[in-house]
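**Student:** start.cif is reproduced below (mmCIF, C-alpha atoms and all ligand atoms).
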data_upload
#
loop_
_atom_site.group_PDB
_atom_site.id
_atom_site.type_symbol
_atom_site.label_atom_id
_atom_site.label_comp_id
_atom_site.auth_asym_id
_atom_site.auth_seq_id
_atom_site.Cartn_x
_atom_site.Cartn_y
_atom_site.Cartn_z
ATOM 1 C CA MET A 141 86.280 98.705 77.746
ATOM 2 C CA ALA A 142 83.119 100.675 78.474
ATOM 3 C CA GLY A 143 83.609 103.681 80.652
ATOM 4 C CA ALA A 144 87.335 103.157 81.070
ATOM 5 C CA ARG A 145 88.554 105.738 78.583
ATOM 6 C CA PRO A 146 89.104 109.276 79.840
ATOM 7 C CA PRO A 147 87.072 111.946 78.034
ATOM 8 C CA ASN A 148 90.209 113.541 76.526
ATOM 9 C CA GLY A 149 93.316 111.858 75.271
ATOM 10 C CA ARG A 150 94.331 108.252 74.915
ATOM 11 C CA LEU A 151 94.272 105.608 77.553
ATOM 12 C CA LEU A 152 97.764 104.793 78.819
ATOM 13 C CA THR A 153 98.742 101.890 81.058
ATOM 14 C CA ARG A 154 102.045 100.626 82.369
ATOM 15 C CA PHE A 155 103.732 97.603 83.879
ATOM 16 C CA ALA A 156 106.229 98.474 86.630
ATOM 17 C CA PRO A 157 108.306 95.483 87.788
ATOM 18 C CA SER A 158 111.271 95.660 90.144
ATOM 19 C CA PRO A 159 114.426 93.949 88.805
ATOM 20 C CA THR A 160 115.034 92.061 92.033
ATOM 21 C CA GLY A 161 114.318 88.520 90.864
ATOM 22 C CA PRO A 162 112.661 86.516 88.109
ATOM 23 C CA LEU A 163 109.234 87.517 86.835
ATOM 24 C CA HIS A 164 106.678 84.864 87.698
ATOM 25 C CA LEU A 165 103.152 83.981 86.598
ATOM 26 C CA GLY A 166 101.694 86.804 88.689
ATOM 27 C CA HIS A 167 103.803 89.341 86.811
ATOM 28 C CA ALA A 168 102.797 87.837 83.472
ATOM 29 C CA TYR A 169 99.147 88.211 84.431
ATOM 30 C CA SER A 170 99.614 91.812 85.578
ATOM 31 C CA ALA A 171 101.518 92.763 82.433
ATOM 32 C CA TRP A 172 98.876 91.126 80.215
ATOM 33 C CA VAL A 173 95.977 92.900 81.952
ATOM 34 C CA ALA A 174 97.704 96.294 81.542
ATOM 35 C CA HIS A 175 98.835 95.578 77.993
ATOM 36 C CA ASP A 176 95.479 94.190 76.830
ATOM 37 C CA LEU A 177 93.572 97.107 78.370
ATOM 38 C CA ALA A 178 95.691 99.557 76.380
ATOM 39 C CA ARG A 179 95.513 97.585 73.138
ATOM 40 C CA ALA A 180 91.749 97.001 73.379
ATOM 41 C CA ASN A 181 91.205 100.757 73.675
ATOM 42 C CA GLY A 182 93.632 102.004 71.055
ATOM 43 C CA GLY A 183 95.807 103.239 73.900
ATOM 44 C CA ARG A 184 99.468 103.036 74.767
ATOM 45 C CA PHE A 185 101.393 100.695 77.050
ATOM 46 C CA LEU A 186 104.635 101.630 78.815
ATOM 47 C CA LEU A 187 107.228 99.838 80.886
ATOM 48 C CA ARG A 188 108.883 101.182 84.017
ATOM 49 C CA ILE A 189 111.794 99.563 85.818
ATOM 50 C CA GLU A 190 111.340 100.146 89.549
ATOM 51 C CA ASP A 191 114.937 99.845 90.662
ATOM 52 C CA ILE A 192 115.078 102.154 93.672
ATOM 53 C CA ASP A 193 116.102 99.283 95.929
ATOM 54 C CA ARG A 194 119.772 99.608 95.051
ATOM 55 C CA THR A 195 120.879 96.588 97.074
ATOM 56 C CA ARG A 196 118.397 94.120 95.586
ATOM 57 C CA SER A 197 118.137 95.421 92.003
ATOM 58 C CA HIS A 198 120.440 93.888 89.427
ATOM 59 C CA PRO A 199 121.008 94.566 85.693
ATOM 60 C CA ALA A 200 120.742 90.835 84.991
ATOM 61 C CA TRP A 201 117.163 90.837 86.342
ATOM 62 C CA GLU A 202 116.378 93.896 84.233
ATOM 63 C CA ARG A 203 117.606 92.081 81.113
ATOM 64 C CA ALA A 204 115.489 89.073 82.109
ATOM 65 C CA ILE A 205 112.404 91.341 82.312
ATOM 66 C CA TYR A 206 112.888 92.472 78.689
ATOM 67 C CA GLU A 207 113.452 88.894 77.563
ATOM 68 C CA ASP A 208 110.414 87.495 79.399
ATOM 69 C CA LEU A 209 108.075 90.243 78.203
ATOM 70 C CA ALA A 210 109.238 89.886 74.601
ATOM 71 C CA TRP A 211 108.636 86.144 74.805
ATOM 72 C CA LEU A 212 105.142 86.760 76.231
ATOM 73 C CA GLY A 213 104.384 88.975 73.224
ATOM 74 C CA ILE A 214 104.250 92.197 75.221
ATOM 75 C CA HIS A 215 105.656 95.291 73.532
ATOM 76 C CA TRP A 216 105.980 98.769 74.993
ATOM 77 C CA ASP A 217 105.512 101.991 73.096
ATOM 78 C CA ALA A 218 108.436 104.091 74.378
ATOM 79 C CA PRO A 219 111.825 103.384 75.923
ATOM 80 C CA PRO A 220 111.394 102.074 79.500
ATOM 81 C CA LEU A 221 111.642 104.598 82.325
ATOM 82 C CA ARG A 222 114.165 103.592 84.967
ATOM 83 C CA GLN A 223 113.542 104.950 88.473
ATOM 84 C CA SER A 224 117.262 105.200 89.180
ATOM 85 C CA ASP A 225 117.337 107.886 86.444
ATOM 86 C CA ARG A 226 114.667 109.937 88.179
ATOM 87 C CA LEU A 227 116.437 111.024 91.354
ATOM 88 C CA ASP A 228 116.333 114.741 90.459
ATOM 89 C CA ALA A 229 112.555 114.639 90.130
ATOM 90 C CA TYR A 230 112.208 112.883 93.487
ATOM 91 C CA VAL A 231 114.536 115.351 95.226
ATOM 92 C CA ASP A 232 112.686 118.351 93.742
ATOM 93 C CA ALA A 233 109.353 117.064 95.034
ATOM 94 C CA LEU A 234 110.825 116.246 98.443
ATOM 95 C CA ARG A 235 112.343 119.712 98.750
ATOM 96 C CA TRP A 236 109.017 121.305 97.945
ATOM 97 C CA LEU A 237 107.189 119.152 100.506
ATOM 98 C CA TRP A 238 109.913 119.950 103.047
ATOM 99 C CA ARG A 239 109.616 123.713 102.500
ATOM 100 C CA GLU A 240 105.862 123.433 102.897
ATOM 101 C CA GLY A 241 106.391 121.863 106.326
ATOM 102 C CA LEU A 242 104.758 118.581 105.281
ATOM 103 C CA LEU A 243 107.792 116.363 105.917
ATOM 104 C CA TYR A 244 109.821 115.625 109.009
ATOM 105 C CA ALA A 245 113.050 113.736 109.588
ATOM 106 C CA CYS A 246 112.793 110.371 111.344
ATOM 107 C CA SER A 247 115.644 108.390 112.819
ATOM 108 C CA CYS A 248 113.556 105.568 114.326
ATOM 109 C CA THR A 249 114.594 101.992 113.645
ATOM 110 C CA ARG A 250 112.042 99.232 113.039
ATOM 111 C CA ARG A 251 112.665 98.101 116.594
ATOM 112 C CA ASP A 252 112.024 101.639 117.992
ATOM 113 C CA ILE A 253 108.767 101.752 116.052
ATOM 114 C CA ALA A 254 107.596 98.340 117.263
ATOM 115 C CA ALA A 255 108.430 99.235 120.879
ATOM 116 C CA ALA A 256 106.771 102.672 120.775
ATOM 117 C CA ALA A 257 103.709 101.371 118.931
ATOM 118 C CA SER A 258 103.024 98.563 121.397
ATOM 119 C CA ALA A 259 103.759 100.619 124.534
ATOM 120 C CA PRO A 260 100.328 102.284 124.969
ATOM 121 C CA GLN A 261 98.432 98.999 124.817
ATOM 122 C CA GLU A 262 100.804 96.434 126.295
ATOM 123 C CA GLY A 263 100.029 92.998 124.818
ATOM 124 C CA ALA A 264 97.632 94.278 122.129
ATOM 125 C CA GLU A 265 98.682 94.221 118.484
ATOM 126 C CA PRO A 266 99.600 97.731 117.255
ATOM 127 C CA PRO A 267 97.626 98.939 114.204
ATOM 128 C CA ARG A 268 99.131 97.978 110.848
ATOM 129 C CA GLY A 269 98.885 99.846 107.554
ATOM 130 C CA PRO A 270 100.175 99.156 104.035
ATOM 131 C CA ASP A 271 103.793 99.617 105.167
ATOM 132 C CA GLY A 272 103.517 97.598 108.391
ATOM 133 C CA ILE A 273 103.060 99.013 111.878
ATOM 134 C CA VAL A 274 101.483 102.483 111.780
ATOM 135 C CA TYR A 275 104.234 104.906 112.754
ATOM 136 C CA PRO A 276 103.524 106.054 116.333
ATOM 137 C CA GLY A 277 104.756 109.595 115.621
ATOM 138 C CA THR A 278 107.838 109.695 117.842
ATOM 139 C CA CYS A 279 109.795 112.125 115.615
ATOM 140 C CA ARG A 280 106.759 114.167 114.526
ATOM 141 C CA ILE A 281 106.942 116.359 117.629
ATOM 142 C CA LEU A 282 110.586 117.356 117.144
ATOM 143 C CA PRO A 283 111.050 120.987 116.039
ATOM 144 C CA ARG A 284 110.856 121.437 112.263
ATOM 145 C CA THR A 285 112.950 123.838 110.276
ATOM 146 C CA PRO A 286 111.352 124.178 106.820
ATOM 147 C CA ASP A 287 113.560 127.215 106.105
ATOM 148 C CA ALA A 288 116.735 125.170 106.615
ATOM 149 C CA PRO A 289 117.954 122.854 103.813
ATOM 150 C CA MET A 290 116.287 119.478 103.724
ATOM 151 C CA PRO A 291 118.366 117.029 105.778
ATOM 152 C CA GLU A 292 120.146 114.204 103.964
ATOM 153 C CA ASN A 293 120.927 110.659 105.034
ATOM 154 C CA THR A 294 117.818 110.397 107.149
ATOM 155 C CA ALA A 295 114.345 109.065 106.475
ATOM 156 C CA LEU A 296 111.676 111.695 105.784
ATOM 157 C CA ARG A 297 108.059 111.060 106.645
ATOM 158 C CA LEU A 298 104.889 112.730 105.386
ATOM 159 C CA ASP A 299 102.950 114.416 108.172
ATOM 160 C CA MET A 300 99.636 112.863 107.169
ATOM 161 C CA ARG A 301 97.461 115.099 109.324
ATOM 162 C CA ALA A 302 99.183 118.244 108.044
ATOM 163 C CA ALA A 303 98.829 116.964 104.461
ATOM 164 C CA LEU A 304 95.109 116.282 104.832
ATOM 165 C CA ASP A 305 94.558 119.654 106.546
ATOM 166 C CA ARG A 306 96.429 121.373 103.737
ATOM 167 C CA LEU A 307 94.178 119.695 101.175
ATOM 168 C CA GLY A 308 91.083 120.374 103.265
ATOM 169 C CA LEU A 309 89.949 116.812 102.634
ATOM 170 C CA SER A 310 87.556 114.931 104.860
ATOM 171 C CA THR A 311 87.195 112.078 102.349
ATOM 172 C CA ILE A 312 89.730 110.454 100.048
ATOM 173 C CA ARG A 313 88.420 108.972 96.819
ATOM 174 C CA PHE A 314 89.616 107.126 93.785
ATOM 175 C CA ASP A 315 87.954 105.712 90.695
ATOM 176 C CA GLU A 316 88.344 101.996 90.190
ATOM 177 C CA THR A 317 87.465 100.102 87.059
ATOM 178 C CA ASP A 318 86.156 96.604 87.494
ATOM 179 C CA GLN A 319 84.739 94.482 84.664
ATOM 180 C CA GLY A 320 84.238 97.615 82.580
ATOM 181 C CA TYR A 321 82.422 99.640 85.226
ATOM 182 C CA ILE A 322 83.904 102.567 87.093
ATOM 183 C CA GLN A 323 83.182 102.801 90.783
ATOM 184 C CA THR A 324 84.272 105.597 93.077
ATOM 185 C CA ARG A 325 85.816 104.285 96.302
ATOM 186 C CA THR A 326 85.806 106.606 99.291
ATOM 187 C CA ARG A 327 87.400 106.523 102.706
ATOM 188 C CA PRO A 328 87.246 109.039 105.575
ATOM 189 C CA ALA A 329 90.477 111.052 105.688
ATOM 190 C CA GLU A 330 90.660 110.404 109.435
ATOM 191 C CA ASP A 331 91.218 106.682 108.624
ATOM 192 C CA LEU A 332 94.490 107.572 106.945
ATOM 193 C CA ILE A 333 95.753 109.185 110.119
ATOM 194 C CA ASP A 334 94.841 106.200 112.337
ATOM 195 C CA GLN A 335 95.298 103.297 109.938
ATOM 196 C CA VAL A 336 98.040 104.428 107.546
ATOM 197 C CA GLY A 337 99.960 107.144 109.347
ATOM 198 C CA ASP A 338 103.050 109.130 108.447
ATOM 199 C CA VAL A 339 104.500 107.085 105.585
ATOM 200 C CA VAL A 340 108.140 107.266 104.550
ATOM 201 C CA LEU A 341 108.662 109.385 101.411
ATOM 202 C CA SER A 342 112.456 109.355 101.448
ATOM 203 C CA ARG A 343 114.638 106.587 102.773
ATOM 204 C CA ARG A 344 117.888 107.080 104.611
ATOM 205 C CA ASP A 345 119.856 105.495 101.757
ATOM 206 C CA PHE A 346 117.786 106.773 98.820
ATOM 207 C CA PRO A 347 115.975 110.071 98.098
ATOM 208 C CA GLY A 348 112.581 108.533 97.458
ATOM 209 C CA SER A 349 110.315 105.661 98.445
ATOM 210 C CA TYR A 350 107.867 103.391 96.676
ATOM 211 C CA HIS A 351 104.937 105.757 97.334
ATOM 212 C CA LEU A 352 106.681 108.924 96.174
ATOM 213 C CA SER A 353 108.341 107.401 93.108
ATOM 214 C CA VAL A 354 105.284 105.587 91.837
ATOM 215 C CA VAL A 355 103.148 108.734 92.046
ATOM 216 C CA LEU A 356 105.697 111.004 90.375
ATOM 217 C CA ASP A 357 106.504 108.456 87.680
ATOM 218 C CA ASP A 358 102.897 107.629 86.831
ATOM 219 C CA GLY A 359 102.398 111.385 86.511
ATOM 220 C CA ALA A 360 105.527 111.865 84.387
ATOM 221 C CA GLN A 361 104.607 108.969 82.093
ATOM 222 C CA GLY A 362 101.037 110.247 81.714
ATOM 223 C CA VAL A 363 99.495 107.017 83.006
ATOM 224 C CA THR A 364 95.693 107.280 82.851
ATOM 225 C CA HIS A 365 94.976 103.754 84.194
ATOM 226 C CA VAL A 366 97.131 102.227 86.924
ATOM 227 C CA VAL A 367 96.894 98.440 86.652
ATOM 228 C CA ARG A 368 98.342 96.450 89.539
ATOM 229 C CA GLY A 369 97.570 93.683 92.013
ATOM 230 C CA ALA A 370 94.883 93.886 94.670
ATOM 231 C CA ASP A 371 97.632 93.709 97.302
ATOM 232 C CA LEU A 372 98.480 97.335 96.464
ATOM 233 C CA ARG A 373 94.913 98.653 96.794
ATOM 234 C CA ASP A 374 95.613 99.921 100.334
ATOM 235 C CA SER A 375 98.509 102.016 99.020
ATOM 236 C CA THR A 376 96.237 103.761 96.523
ATOM 237 C CA TRP A 377 94.779 105.988 99.282
ATOM 238 C CA ILE A 378 98.287 107.274 100.011
ATOM 239 C CA HIS A 379 98.934 107.842 96.324
ATOM 240 C CA ARG A 380 95.761 109.882 95.971
ATOM 241 C CA VAL A 381 96.859 112.191 98.803
ATOM 242 C CA LEU A 382 100.295 112.615 97.219
ATOM 243 C CA GLN A 383 98.832 113.301 93.752
ATOM 244 C CA ASP A 384 96.660 116.066 95.198
ATOM 245 C CA LEU A 385 99.577 117.543 97.138
ATOM 246 C CA VAL A 386 101.915 117.760 94.157
ATOM 247 C CA GLY A 387 99.163 118.665 91.684
ATOM 248 C CA LEU A 388 99.063 115.526 89.543
ATOM 249 C CA PRO A 389 95.849 114.230 87.976
ATOM 250 C CA ALA A 390 94.216 111.179 89.516
ATOM 251 C CA PRO A 391 94.422 108.092 87.296
ATOM 252 C CA VAL A 392 91.757 105.399 87.224
ATOM 253 C CA TYR A 393 92.840 102.261 89.106
ATOM 254 C CA LEU A 394 92.424 98.622 88.191
ATOM 255 C CA HIS A 395 93.426 96.304 91.050
ATOM 256 C CA HIS A 396 93.432 92.824 89.617
ATOM 257 C CA ARG A 397 93.140 89.513 91.442
ATOM 258 C CA LEU A 398 96.327 87.866 92.577
ATOM 259 C CA ILE A 399 97.720 84.678 91.098
ATOM 260 C CA ARG A 400 98.181 82.105 93.834
ATOM 261 C CA ASP A 401 100.021 78.812 94.172
ATOM 262 C CA PRO A 402 98.076 75.541 94.684
ATOM 263 C CA GLU A 403 98.194 76.157 98.457
ATOM 264 C CA GLY A 404 96.482 79.527 97.941
ATOM 265 C CA ARG A 405 99.560 81.624 98.699
ATOM 266 C CA ARG A 406 100.321 84.706 96.675
ATOM 267 C CA LEU A 407 103.282 84.163 94.357
ATOM 268 C CA ALA A 408 106.449 85.996 95.361
ATOM 269 C CA LYS A 409 109.865 86.528 93.842
ATOM 270 C CA ARG A 410 111.138 83.524 95.797
ATOM 271 C CA ASP A 411 108.789 81.247 93.791
ATOM 272 C CA ASP A 412 111.454 80.540 91.212
ATOM 273 C CA ALA A 413 109.618 77.375 90.210
ATOM 274 C CA ARG A 414 106.853 79.557 88.776
ATOM 275 C CA ALA A 415 109.262 81.879 87.022
ATOM 276 C CA ILE A 416 108.218 82.605 83.439
ATOM 277 C CA SER A 417 111.642 81.427 82.284
ATOM 278 C CA ALA A 418 111.149 78.066 84.013
ATOM 279 C CA TYR A 419 107.925 77.439 82.068
ATOM 280 C CA ARG A 420 109.654 78.554 78.874
ATOM 281 C CA ASP A 421 112.525 76.153 79.512
ATOM 282 C CA GLU A 422 110.021 73.336 80.049
ATOM 283 C CA GLY A 423 108.651 73.994 76.557
ATOM 284 C CA LEU A 424 105.364 75.731 77.437
ATOM 285 C CA SER A 425 104.152 78.452 75.090
ATOM 286 C CA PRO A 426 102.936 81.950 76.029
ATOM 287 C CA GLY A 427 99.452 80.676 75.157
ATOM 288 C CA ASP A 428 99.828 77.874 77.709
ATOM 289 C CA LEU A 429 100.696 80.480 80.335
ATOM 290 C CA ARG A 430 97.647 82.544 79.383
ATOM 291 C CA SER A 431 95.504 79.480 79.994
ATOM 292 C CA LEU A 432 97.211 78.856 83.336
ATOM 293 C CA VAL A 433 96.462 82.315 84.694
ATOM 294 C CA GLY A 434 93.325 83.238 82.739
ATOM 295 C CA SER A 435 94.049 86.157 80.494
ATOM 296 C CA SER A 436 91.403 88.632 81.532
ATOM 297 C CA GLN A 437 90.743 90.356 84.834
ATOM 298 C CA ASP A 438 88.152 87.738 85.872
HETATM 299 N N1 LIG A 501 107.111 97.699 91.500
HETATM 300 C C1 LIG A 501 105.927 97.158 92.111
HETATM 301 C C2 LIG A 501 106.041 95.639 92.119
HETATM 302 O O1 LIG A 501 106.892 95.082 91.431
HETATM 303 C C3 LIG A 501 104.655 97.550 91.396
HETATM 304 C C4 LIG A 501 104.295 98.944 91.686
HETATM 305 C C5 LIG A 501 102.951 99.393 91.156
HETATM 306 O O2 LIG A 501 102.431 98.812 90.208
HETATM 307 O O3 LIG A 501 102.436 100.372 91.688
HETATM 308 O O4 LIG A 501 105.295 95.023 92.836
#
Show me the file's structure as structure tokens.
Ligand code: GLU
**Tutor:**
Amino acid sequence: MAGARPPNGRLLTRFAPSPTGPLHLGHAYSAWVAHDLARANGGRFLLRIEDIDRTRSHPAWERAIYEDLAWLGIHWDAPPLRQSDRLDAYVDALRWLWREGLLYACSCTRRDIAAAASAPQEGAEPPRGPDGIVYPGTCRILPRTPDAPMPENTALRLDMRAALDRLGLSTIRFDETDQGYIQTRTRPAEDLIDQVGDVVLSRRDFPGSYHLSVVLDDGAQGVTHVVRGADLRDSTWIHRVLQDLVGLPAPVYLHHRLIRDPEGRRLAKRDDARAISAYRDEGLSPGDLRSLVGSSQD
């Protein structure tokens, strides 16, 4: 793929499903795009099991992931990385961010957040970011104690303004590959304060969050090209800030189109009817599935 390969080293992609339900056609498409990009460039392809949601993840779904991918003809080049084995790395990064004064504890419930966010403009919709309503900052003003041990059993949020000030960034940017061309996307840093806000980096019940884990794991696995659905493009701005904060290189991003059902809705885990295993049981071949989704990033 022209322009997609980094100047040094081999291209490396990954597929990172959560074992919380059956893989469906959308996952097959995502895995194929990542896998084919690596293979077409003499690169490597890795698998990561994103099982930080301890209540919804299940070993049976993890086994089903291996089975489905093997049936699709997708092979990974190293043992899969399981996020539940990475807690020490997440805690280390959180402790560092805490000591730097970039995190604060938050005890707000969803209901508190909705009430506080709608209070200033009664009746108007509060701004929403990639994680839902933009956090109105209730706990940000509480005194911080970076010299004290990081609190446990509470959510920790990134102070986005402090993070951007620390980095001295007025613009956030990432490189996106699309049909073989690399484009640099930019966004004013101020947008992240108003439209994304102080995202959760550690949950009350787990020392990590999607944003933190994905950034640290892509870094640890040496991912050069992050391939994932266009629904996650808005999270990429957050990931770029985190990569700069913890000193990880910025990968190139490929946000592929989403596979939709005949009504135009994005497929979700609940769409068991479009589970890869259901097609397999009906006697379709992996090639039939490729034709159903279109195998390239068109
Ligand atoms: N685990 C996420 C999912 O299953 C994908 C995360 C990513 O690719 O960044 O949707």
**Student:** Residues of chain A within 9 Å of ligand LIG 501 (chain A): nearest atom pair and distance (Å, one decimal) for each, counting all atoms listed in the file, sorted by chain and number, as a tab-separated table?
**Tutor:**
residue	atom	partner	partner_atom	distance
A:Arg154	CA	A:LIG501	O2	8.1
A:Phe155	CA	A:LIG501	O2	6.6
A:Ala156	CA	A:LIG501	N1	5.0
A:Pro157	CA	A:LIG501	O1	3.9
A:Ser158	CA	A:LIG501	O1	4.6
A:Pro159	CA	A:LIG501	O1	8.1
A:Thr160	CA	A:LIG501	O1	8.7
A:His167	CA	A:LIG501	O1	8.0
A:Ser170	CA	A:LIG501	O2	8.9
A:Arg188	CA	A:LIG501	N1	8.4
A:Ile189	CA	A:LIG501	N1	7.6
A:Glu190	CA	A:LIG501	N1	5.3
A:Asp191	CA	A:LIG501	N1	8.2
A:Tyr350	CA	A:LIG501	C4	7.6
A:His351	CA	A:LIG501	O3	8.2
A:Val354	CA	A:LIG501	O3	5.9
A:Val355	CA	A:LIG501	O3	8.4
A:Asp358	CA	A:LIG501	O3	8.7
A:Val366	CA	A:LIG501	O2	7.1
A:Val367	CA	A:LIG501	O2	6.6
A:Arg368	CA	A:LIG501	O2	4.8
A:Gly369	CA	A:LIG501	O2	7.3
A:Asp371	CA	A:LIG501	O4	9.0
A:Leu372	CA	A:LIG501	O3	6.9
A:Ser375	CA	A:LIG501	O3	8.5
A:Thr376	CA	A:LIG501	O3	8.6
**Student:** Find the distance between atom CA of A:Ala174 and atom CA of A:Thr324 and write it in Å to one decimal.
**Tutor:**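 Going from atom CA of A:Ala174 over to atom CA of A:Thr324 covers 20.0 Å.
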**Student:** Which protein, DNA or RNA residues have an atom at most 9 Å from (100.3, 86.2, 88.2), counting all atoms listed in the file? List them as JSON, numbers by chain.
**Tutor:** {"A": [164, 165, 166, 167, 168, 169, 170, 171, 369, 397, 398, 399, 400, 406, 407, 433]}
**Student:** Starting from the shown file, work through the PyMOL selection byres (((chain A and resi 378) around 12) and not hetatm) and note down what comes out as a ChimeraX atom specification.
**Tutor:** /A:269-271,298-300,303-304,312-314,327,329,331-333,335-341,350-352,354-355,372-377,379-385,390
**Student:** Write out the residues from the selection above, keeping C-alpha atoms, as a compact mmCIF listing (two decimals), in the frame of the given file.
**Tutor:**
# COMPACT_ATOMS: atom_id res chain seq x y z
CA GLY A 269 98.88 99.85 107.55
CA PRO A 270 100.18 99.16 104.04
CA ASP A 271 103.79 99.62 105.17
CA LEU A 298 104.89 112.73 105.39
CA ASP A 299 102.95 114.42 108.17
CA MET A 300 99.64 112.86 107.17
CA ALA A 303 98.83 116.96 104.46
CA LEU A 304 95.11 116.28 104.83
CA ILE A 312 89.73 110.45 100.05
CA ARG A 313 88.42 108.97 96.82
CA PHE A 314 89.62 107.13 93.78
CA ARG A 327 87.40 106.52 102.71
CA ALA A 329 90.48 111.05 105.69
CA ASP A 331 91.22 106.68 108.62
CA LEU A 332 94.49 107.57 106.94
CA ILE A 333 95.75 109.18 110.12
CA GLN A 335 95.30 103.30 109.94
CA VAL A 336 98.04 104.43 107.55
CA GLY A 337 99.96 107.14 109.35
CA ASP A 338 103.05 109.13 108.45
CA VAL A 339 104.50 107.08 105.58
CA VAL A 340 108.14 107.27 104.55
CA LEU A 341 108.66 109.38 101.41
CA TYR A 350 107.87 103.39 96.68
CA HIS A 351 104.94 105.76 97.33
CA LEU A 352 106.68 108.92 96.17
CA VAL A 354 105.28 105.59 91.84
CA VAL A 355 103.15 108.73 92.05
CA LEU A 372 98.48 97.34 96.46
CA ARG A 373 94.91 98.65 96.79
CA ASP A 374 95.61 99.92 100.33
CA SER A 375 98.51 102.02 99.02
CA THR A 376 96.24 103.76 96.52
CA TRP A 377 94.78 105.99 99.28
CA HIS A 379 98.93 107.84 96.32
CA ARG A 380 95.76 109.88 95.97
CA VAL A 381 96.86 112.19 98.80
CA LEU A 382 100.30 112.62 97.22
CA GLN A 383 98.83 113.30 93.75
CA ASP A 384 96.66 116.07 95.20
CA LEU A 385 99.58 117.54 97.14
CA ALA A 390 94.22 111.18 89.52
**Student:** Report, in Å to a single decimal, how far apart atom CA of A:Leu177 and atom CA of A:Leu394 are.
**Tutor:**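 Interatomic distance here is 10.0 Å.
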**Student:** Work out how far apart atom CA of A:Asp287 and atom CA of A:Ser342 are and give it in Å to one decimal.
**Tutor:** 18.5 Å
**Student:** Counting all atoms listed in the file, which of A:Ile205, A:Pro220, A:Pro291, A:Ala264 gets nearest to A:Leu243?
**Tutor:**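 Under the stated criterion, the closest residue is A:Pro291.
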**Student:** Write out as a list in words which residues come within 12 Å of A:Asp345 when counting only C-alpha atoms, dropping same-chain ones fewer than 6 positions away.
**Tutor:**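 Here the answer would be Ile192, Asp193, Arg194, Thr195, Glu292, Asn293, Thr294, Ala295 and Leu296 of chain A.
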**Student:** Taking (102.1, 102.8, 73.6) in the coordinates of the supplied file, I want to know which residues reach to within 7 Å of it, counting only C-alpha atoms; could you give the answer as a ChimeraX atom specification?
**Tutor:** /A:183-186,216-218
**Student:** Carefully work through the PyMOL selection byres (((chain A and resi 238) around 10) and not hetatm) for this structure and note down the residues it includes, as a PDB file with C-alpha atoms, in the coordinates of the input.
**Tutor:**
ATOM      1  CA  ASP A 232     112.686 118.351  93.742  1.00  0.00           C
ATOM      2  CA  ALA A 233     109.353 117.064  95.034  1.00  0.00           C
ATOM      3  CA  LEU A 234     110.825 116.246  98.443  1.00  0.00           C
ATOM      4  CA  ARG A 235     112.343 119.712  98.750  1.00  0.00           C
ATOM      5  CA  TRP A 236     109.017 121.305  97.945  1.00  0.00           C
ATOM      6  CA  LEU A 237     107.189 119.152 100.506  1.00  0.00           C
ATOM      7  CA  ARG A 239     109.616 123.713 102.500  1.00  0.00           C
ATOM      8  CA  GLU A 240     105.862 123.433 102.897  1.00  0.00           C
ATOM      9  CA  GLY A 241     106.391 121.863 106.326  1.00  0.00           C
ATOM     10  CA  LEU A 242     104.758 118.581 105.281  1.00  0.00           C
ATOM     11  CA  LEU A 243     107.792 116.363 105.917  1.00  0.00           C
ATOM     12  CA  TYR A 244     109.821 115.625 109.009  1.00  0.00           C
ATOM     13  CA  ALA A 245     113.050 113.736 109.588  1.00  0.00           C
ATOM     14  CA  ARG A 284     110.856 121.437 112.263  1.00  0.00           C
ATOM     15  CA  THR A 285     112.950 123.838 110.276  1.00  0.00           C
ATOM     16  CA  PRO A 286     111.352 124.178 106.820  1.00  0.00           C
ATOM     17  CA  ASP A 287     113.560 127.215 106.105  1.00  0.00           C
ATOM     18  CA  ALA A 288     116.735 125.170 106.615  1.00  0.00           C
ATOM     19  CA  PRO A 289     117.954 122.854 103.813  1.00  0.00           C
ATOM     20  CA  MET A 290     116.287 119.478 103.724  1.00  0.00           C
ATOM     21  CA  PRO A 291     118.366 117.029 105.778  1.00  0.00           C
ATOM     22  CA  LEU A 296     111.676 111.695 105.784  1.00  0.00           C
ATOM     23  CA  ARG A 297     108.059 111.060 106.645  1.00  0.00           C
ATOM     24  CA  LEU A 298     104.889 112.730 105.386  1.00  0.00           C
TER      25      LEU A 298
END
**Student:** Any chance you could work out the residue set of the PyMOL selection byres (((chain A and resi 255) around 12) and not hetatm) here, as a list of chain:residue names?
**Tutor:** A:Cys248, A:Thr249, A:Arg250, A:Arg251, A:Asp252, A:Ile253, A:Ala254, A:Ala256, A:Ala257, A:Ser258, A:Ala259, A:Pro260, A:Gln261, A:Glu262, A:Gly263, A:Ala264, A:Glu265, A:Pro266, A:Ile273, A:Val274, A:Tyr275, A:Pro276, A:Thr278
**Student:** Which of these, A:Gly434, A:Gly359, A:Pro426, A:Pro347, has the shortest distance to A:Thr153 once you count only C-alpha atoms?
**Tutor:**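 Of A:Gly434, A:Gly359, A:Pro426, A:Pro347, the one nearest A:Thr153 is A:Gly359, counting only C-alpha atoms.
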